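Listing of run16.csv, CSV, C-alpha atoms and all ligand atoms
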```
chain,number,residue,atom,x,y,z
A,1,MET,CA,6.3,219.3,207.6
A,2,ASP,CA,3.0,218.7,209.4
A,3,ARG,CA,3.8,215.1,209.7
A,4,ILE,CA,7.2,215.8,211.3
A,5,TYR,CA,5.7,218.1,213.9
A,6,ALA,CA,2.7,215.8,214.6
A,7,THR,CA,5.1,213.0,215.3
A,8,TRP,CA,7.2,215.2,217.6
A,9,ARG,CA,4.1,216.1,219.6
A,10,ASN,CA,2.9,212.5,220.0
A,11,GLN,CA,6.4,211.5,221.2
A,12,TRP,CA,6.2,214.3,223.7
A,13,VAL,CA,2.8,213.2,225.0
A,14,GLN,CA,4.0,209.7,225.4
A,15,LYS,CA,7.2,210.4,227.2
A,16,LEU,CA,6.0,213.1,229.6
A,17,SER,CA,5.9,212.1,233.2
A,18,SER,CA,2.3,212.7,234.3
A,19,GLU,CA,0.1,211.9,237.3
A,20,THR,CA,-3.1,213.3,235.8
A,21,ASP,CA,-4.9,212.9,232.5
A,22,ILE,CA,-4.4,216.2,230.8
A,23,SER,CA,-4.4,216.3,227.1
A,24,CYS,CA,-2.1,219.4,226.7
A,25,PRO,CA,1.5,218.4,227.4
A,26,PHE,CA,2.4,221.9,228.6
A,27,CYS,CA,-0.6,222.0,231.0
A,28,SER,CA,0.4,218.6,232.2
A,29,ILE,CA,4.0,219.8,233.0
A,30,GLU,CA,2.5,222.9,234.7
A,31,GLN,CA,0.0,221.1,236.8
A,32,ASN,CA,1.9,218.0,237.7
A,33,GLY,CA,4.9,220.0,238.8
A,34,MET,CA,2.9,222.2,241.0
A,35,SER,CA,1.7,219.2,243.0
A,36,ASN,CA,5.0,217.4,243.0
A,37,PRO,CA,8.4,219.1,242.4
A,38,ASP,CA,10.1,215.8,241.7
A,39,ILE,CA,8.1,215.6,238.5
A,40,ASP,CA,9.5,219.0,237.5
A,41,VAL,CA,12.9,217.4,237.4
A,42,LYS,CA,11.7,214.4,235.4
A,43,ASN,CA,10.1,216.8,232.9
A,44,TYR,CA,13.2,218.9,232.7
A,45,VAL,CA,11.7,222.1,234.1
A,46,VAL,CA,14.6,224.5,234.5
A,47,LYS,CA,12.8,227.4,236.2
A,48,ARG,CA,9.3,228.4,237.4
A,49,GLN,CA,8.1,231.9,237.7
A,50,LYS,CA,4.8,233.2,239.0
A,51,THR,CA,2.9,232.8,235.7
A,52,CYS,CA,5.3,230.9,233.4
A,53,PHE,CA,8.1,228.3,233.3
A,54,ALA,CA,11.1,227.3,231.3
A,55,VAL,CA,11.6,223.7,230.2
A,56,LEU,CA,14.0,221.8,228.0
A,57,ASN,CA,12.6,220.7,224.7
A,58,LEU,CA,12.4,216.9,224.9
A,59,TYR,CA,13.3,216.7,221.2
A,60,PRO,CA,15.8,219.5,220.9
A,61,TYR,CA,17.0,220.8,217.5
A,62,GLY,CA,20.4,221.3,219.2
A,63,THR,CA,22.0,221.4,222.7
A,64,GLY,CA,20.4,223.9,225.1
A,65,HIS,CA,17.1,224.1,223.3
A,66,LEU,CA,14.7,225.7,225.8
A,67,LEU,CA,10.9,226.5,225.7
A,68,VAL,CA,9.5,229.4,227.7
A,69,ILE,CA,5.8,228.8,228.3
A,70,PRO,CA,2.9,230.7,230.1
A,71,SER,CA,1.3,228.6,232.8
A,72,ARG,CA,-2.2,229.4,231.4
A,73,HIS,CA,-3.4,227.4,228.3
A,74,VAL,CA,-3.7,230.2,225.8
A,75,ALA,CA,-2.9,230.2,222.1
A,76,ASP,CA,-1.8,233.8,221.5
A,77,LEU,CA,0.2,236.5,223.2
A,78,SER,CA,-2.9,238.7,223.2
A,79,ASP,CA,-4.7,236.2,225.5
A,80,LEU,CA,-2.2,237.0,228.2
A,81,SER,CA,-2.5,239.9,230.7
A,82,ASN,CA,0.1,242.6,230.7
A,83,ASP,CA,1.5,241.2,233.9
A,84,GLU,CA,1.7,237.7,232.4
A,85,ARG,CA,3.4,239.1,229.3
A,86,ALA,CA,5.9,240.9,231.4
A,87,ASP,CA,6.6,237.8,233.5
A,88,LEU,CA,7.1,235.8,230.3
A,89,PHE,CA,9.4,238.2,228.6
A,90,GLU,CA,11.5,238.5,231.8
A,91,LEU,CA,11.8,234.7,231.9
A,92,LEU,CA,12.7,234.7,228.2
A,93,ARG,CA,15.4,237.4,228.8
A,94,LYS,CA,16.9,235.6,231.8
A,95,SER,CA,16.8,232.2,230.0
A,96,ILE,CA,18.8,233.7,227.1
A,97,GLU,CA,21.4,235.1,229.5
A,98,VAL,CA,21.7,231.7,231.2
A,99,VAL,CA,22.1,229.9,227.8
A,100,LYS,CA,24.8,232.5,226.9
A,101,LEU,CA,26.7,231.9,230.1
A,102,THR,CA,26.4,228.1,229.9
A,103,TYR,CA,27.2,227.4,226.2
A,104,ALA,CA,28.8,230.6,224.9
A,105,PRO,CA,27.0,230.2,221.5
A,106,ASP,CA,27.9,232.3,218.5
A,107,GLY,CA,24.3,233.3,218.3
A,108,ILE,CA,20.8,232.5,219.5
A,109,ASN,CA,17.4,232.0,217.7
A,110,PHE,CA,14.4,232.8,219.8
A,111,GLY,CA,10.8,233.1,218.7
A,112,ALA,CA,7.4,231.4,218.3
A,113,ASN,CA,5.5,229.5,215.7
A,114,LEU,CA,1.8,230.6,215.7
A,115,GLY,CA,-0.5,228.0,214.2
A,116,ARG,CA,0.3,224.5,212.8
A,117,SER,CA,0.9,225.9,209.4
A,118,ALA,CA,3.8,227.9,210.9
A,119,GLY,CA,5.2,224.8,212.4
A,120,ALA,CA,3.8,224.9,215.9
A,121,GLY,CA,3.7,221.3,217.3
A,122,ILE,CA,1.3,222.4,220.1
A,123,PRO,CA,-0.6,225.4,218.5
A,124,ASP,CA,-3.2,225.7,221.3
A,125,HIS,CA,-0.7,226.6,224.0
A,126,PHE,CA,1.6,229.5,223.3
A,127,HIS,CA,5.3,228.8,223.8
A,128,MET,CA,8.6,230.4,222.7
A,129,HIS,CA,11.8,228.6,221.6
A,130,ILE,CA,15.3,229.5,222.6
A,131,LEU,CA,18.0,227.8,220.5
A,132,PRO,CA,21.7,228.4,220.8
A,133,ARG,CA,23.5,228.5,217.4
A,134,TRP,CA,27.1,228.0,216.4
A,135,THR,CA,28.9,229.1,213.3
A,136,GLY,CA,28.8,226.3,210.8
A,137,ASP,CA,26.0,224.3,212.5
A,138,SER,CA,23.2,223.2,210.1
A,139,GLY,CA,20.4,225.5,209.0
A,140,PHE,CA,17.4,225.7,211.1
A,141,ILE,CA,15.1,223.8,208.8
A,142,THR,CA,17.7,221.1,208.1
A,143,THR,CA,18.2,220.7,211.8
A,144,ILE,CA,14.5,220.3,212.4
A,145,SER,CA,13.9,217.8,209.6
A,146,GLU,CA,17.0,215.7,209.4
A,147,THR,CA,20.0,216.2,211.6
A,148,ARG,CA,20.1,216.8,215.3
A,149,VAL,CA,23.4,217.8,216.7
A,150,ILE,CA,23.2,216.9,220.4
A,151,SER,CA,26.4,216.7,222.4
A,152,GLU,CA,25.0,216.0,225.9
A,153,SER,CA,22.1,214.4,227.6
A,154,LEU,CA,19.0,216.3,228.7
A,155,GLU,CA,20.0,215.6,232.3
A,156,GLN,CA,23.4,217.2,231.8
A,157,THR,CA,21.7,220.2,230.1
A,158,LEU,CA,19.2,220.6,233.0
A,159,GLU,CA,22.0,220.4,235.6
A,160,LYS,CA,24.2,223.0,233.8
A,161,LEU,CA,21.4,225.5,233.2
A,162,SER,CA,20.0,225.1,236.7
A,163,ASN,CA,23.5,225.6,238.2
A,164,ASN,CA,24.0,228.8,236.3
A,165,TRP,CA,20.6,230.2,236.8
A,166,ASP,CA,21.5,232.4,239.8
A,167,LYS,CA,24.8,233.5,238.3
A,168,VAL,CA,23.2,235.9,235.9
A,169,ASN,CA,21.0,239.0,236.5
A,201,ZN,ZN,-2.0,223.8,227.7
```
As structure tokens, what does this structure read like?
Amino acid sequence: MDRIYATWRNQWVQKLSSETDISCPFCSIEQNGMSNPDIDVKNYVVKRQKTCFAVLNLYPYGTGHLLVIPSRHVADLSDLSNDERADLFELLRKSIEVVKLTYAPDGINFGANLGRSAGAGIPDHFHMHILPRWTGDSGFITTISETRVISESLEQTLEKLSNNWDKVN
């Protein structure tokens, strides 16, 4: 399992559009996008809020796989202020509603992996996954390790989610 996640992280680091030399891929997305909004599009950032952002997983387990990430480089929820946690949870809630509207999934997994042993690819920067699920799709672990069921490009996913963002409360 460690090998799978380590590979995934390396691929992410290599593919990320970056103007600066920042070792954390999430901090790289955050800081490069702040200086150049065009880079946000290249990095598939769906939405920015005051202290956090939502971005497509570059290596999704399935269509519509989103990450919700605090802007600050912290490993744990407890490292965030109350305001940051509230901002993060609101972005999580809104992202789930947008995924529901866009894909009408049968269900949704959301959550976080804390620590590499728990499966975190980037354990030093807290992030939450949102993954739409359909009846009959493969199990979560199977999906991670073997089969990826992707029915559209990341560009298409970004466009759909962005277009629907203001349609939900
Ligand atoms: Zn970071």
Neighbourhood query: residues within 9 Å of (5.0, 223.1, 226.4), file coordinates, counting all atoms listed in the file; return as a ChimeraX atom specification.
/A:24-30,54-55,57,67-70,122,125-128
So, with all atoms listed in the file as the atoms that count, which of A:Val45, A:Leu56, A:Leu114, A:Val74 lies closest to ligand ZN 201 (chain A)?
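For ligand ZN 201 (chain A), the nearest of the given residues is A:Val74.
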Shortest interatomic distance to Pro60 in chain A - which of A:Ile130, A:Gln156, A:Val168, A:Asp124, counting all atoms listed in the file
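Of all the options, A:Ile130 lies closest to Pro60 in chain A.
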Top pick for closest residue to ligand ZN 201 (chain A), considering A:Thr51, A:Ser71, A:Ser35, A:Ser117 and counting only C-alpha atoms and all ligand atoms
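The closest residue to ligand ZN 201 (chain A) is A:Ser71.
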So how far away is CA of Ser153 in chain A from CA of Ser95 in chain A, in Å?
18.7 Å
Please, what distance in Å, to one decimal, runs between CA of Ala104 in chain A and CA of Leu66 in chain A?
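Pair CA of Ala104 in chain A / CA of Leu66 in chain A returns 15.0 Å.
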With a distance cut-off of 9 Å and all atoms listed in the file, select the neighbouring residues of Ser162 in chain A, excluding the residue or stretch itself and same-chain residues fewer than 6 positions from it, and output the selection as a VMD selection string.
chain A and resid 46 to 47 98
Counting only C-alpha atoms, which of A:Ala86, A:Met34, A:Gly107, A:Glu155 gets nearest to Gly136 in chain A?
A:Gly107
Just checking: using only C-alpha atoms and all ligand atoms, which residue out of A:His65, A:His73, A:Lys94, A:Lys50 ends up closest to ligand ZN 201 (chain A)?
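Answer, going by the shortest atom-to-atom distance: A:His73.
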